[in-house]
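**Student:** I have a structure here, written as structure tokens, and I will follow up with some questions on it.
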Amino acid sequence: MTWRILRKLRCCPPGAPGGWPKPSTSFKPAKSEDEKGSLHAALTCAVEDETIARNPATAVKMVKRREPRQRRKRQAWTVDDARWFLESAWHAGEALYAAFVLVLVLGLRRGEVLGLAWEQVDLDEAELYVAEQLQRVRHELVRREVKTETSEAPLPLPDLCVAALQIRKKQQDVDRDRAGDGWIGTGLVFTTRYGTPIEPRNFNRSFDRCIITARVPRITVHGTRKTCASLLAALDVHPRVAMRILRHSKVAVTMEIYTEAPSDATRDALRKLGDWLT
């Protein structure tokens, strides 16, 4: 059978169906589709010569190689996006406004904010400890200990965070008086109107609702951590303090971010936002 196929290939001109491939000036590796086409043509000749009953290459299916999927780059807020988000949440009277301030300015995770207790906050010294986080495990909300370097060393609180927490304390006092005997004491900073822990999914819903109201790009709560460093620079937080908040081992790393400080207009707007709270 082989010599018959070779004879047929010799009879066909180069480049014609069933013939030898047309010579090229530059060498290119053959593709799988080209190799199958040449084999199929040669075996077709064998079928025509009645050397074989059917062409076995017809039943061969080529597996297409899937191109690797490119990862979508996570979108991050600019400092102006974060400022406008906070301004909008404040004017809307959002109950979780102080929580959003801590997420954006300190880079705290959702569970760390929801698990924050008043005993871990010192407003007089302007610092807090991240010691617990609130998580939903199956059908139950659980407070778990955070075993990181931040649970042992306090985080300094910029003025905006102190002002926001002071307002939150007053809000909770009002909620406690209204609830009366129905108040459930958990010691948490952020609670429902009855003192119970906030469901993490409800936190996300409030965050998404404020994004729609502020008309800023939609991102996740975790995505706000990328804006934290730039926001600290815009708030005129001292680089040494920002280094502690950002958990940088060297102040030089922090200074690289501070060289990309936002405009004076953005600084003034954030300063006004802090003035509104005090």
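Chain lettering (A, B, ...) mirrors the order of the structure tokens, residue numbering begins at 1 for each chain separately, and ligand numbering begins at 1 in order of display.
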Neighbouring residues of range 182-195 of chain A were defined as those with any atom within 10 Å, considering only C-alpha atoms; residues of the same chain fewer than 5 positions away were excluded. Please report them as a ChimeraX atom specification.

**Tutor:** /A:95-96,98-99,113-121,165,168-169,171-172,174-177

**Student:** What's around range 199-203 of chain A at 12 Å? Count only C-alpha atoms, leave out sequence neighbours fewer than 2 positions away in its own chain, and write the answer as a count of residues only.

**Tutor:** 36

**Student:** Give the helix (DSSP H, G or I) residues of range 157-269 of chain A, as DSSP finds them on the backbone, and put them as a PyMOL selection string.

**Tutor:** chain A and resi 159-182+200-214+222-226+228-234+239-246+251-258+264-269

**Student:** Quick check, in Å to one decimal: how far apart do CA of Arg225 in chain A and CA of Ile167 in chain A lie?

**Tutor:**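 Calculated distance between CA of Arg225 in chain A and CA of Ile167 in chain A is 23.3 Å.
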
**Student:** Rounded to one decimal place, report the CA of Asp81 in chain A-CA of Pro217 in chain A distance in Å.

**Tutor:**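 Distance between the two atoms: 7.8 Å.
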
**Student:** Measure the distance from CA of Pro156 in chain A to CA of Ala92 in chain A in Å and round it to one decimal.

**Tutor:**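 The value is 27.6 Å.
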
**Student:** Hey, which of A:His91, A:Arg54, A:Lys170, A:Arg247 ends up closest to Pro154 in chain A? Count only C-alpha atoms.

**Tutor:**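 Smallest separation from Pro154 in chain A among the options: A:Arg247.
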
**Student:** Determine the nearest neighbour of Gly107 in chain A from the options A:Arg83, A:His222, A:Arg244, A:Arg178, counting only C-alpha atoms.

**Tutor:** A:His222

**Student:** Quick one: DSSP strand (DSSP E or B) residues in range 49-185 of chain A, as an NGL selection string?

**Tutor:** :A and (117 or 121-122 or 127-128 or 132-137 or 140-145 or 155-156)

**Student:** Would you write out those residues with C-alpha atoms, as a compact mmCIF listing (two decimals), in the first residue's frame?

**Tutor:**
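Contents of result_15.txt, as written:
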# COMPACT_ATOMS: atom_id res chain seq x y z
CA ALA A 117 -15.09 45.19 69.86
CA VAL A 121 -10.57 50.54 70.59
CA ASP A 122 -8.90 53.39 72.47
CA GLU A 127 -5.46 53.35 68.26
CA LEU A 128 -7.15 49.98 67.95
CA GLU A 132 -11.12 39.07 66.35
CA GLN A 133 -13.02 38.55 63.15
CA LEU A 134 -16.64 37.68 62.54
CA GLN A 135 -17.39 34.84 60.13
CA ARG A 136 -20.37 32.76 59.18
CA VAL A 137 -19.61 29.07 59.65
CA GLU A 140 -23.86 30.29 62.77
CA LEU A 141 -21.97 33.58 63.16
CA VAL A 142 -18.67 32.89 64.92
CA ARG A 143 -16.11 35.27 66.42
CA ARG A 144 -12.62 33.93 65.86
CA GLU A 145 -9.28 35.12 67.13
CA LEU A 155 -2.97 50.30 64.65
CA PRO A 156 -2.82 54.12 64.87
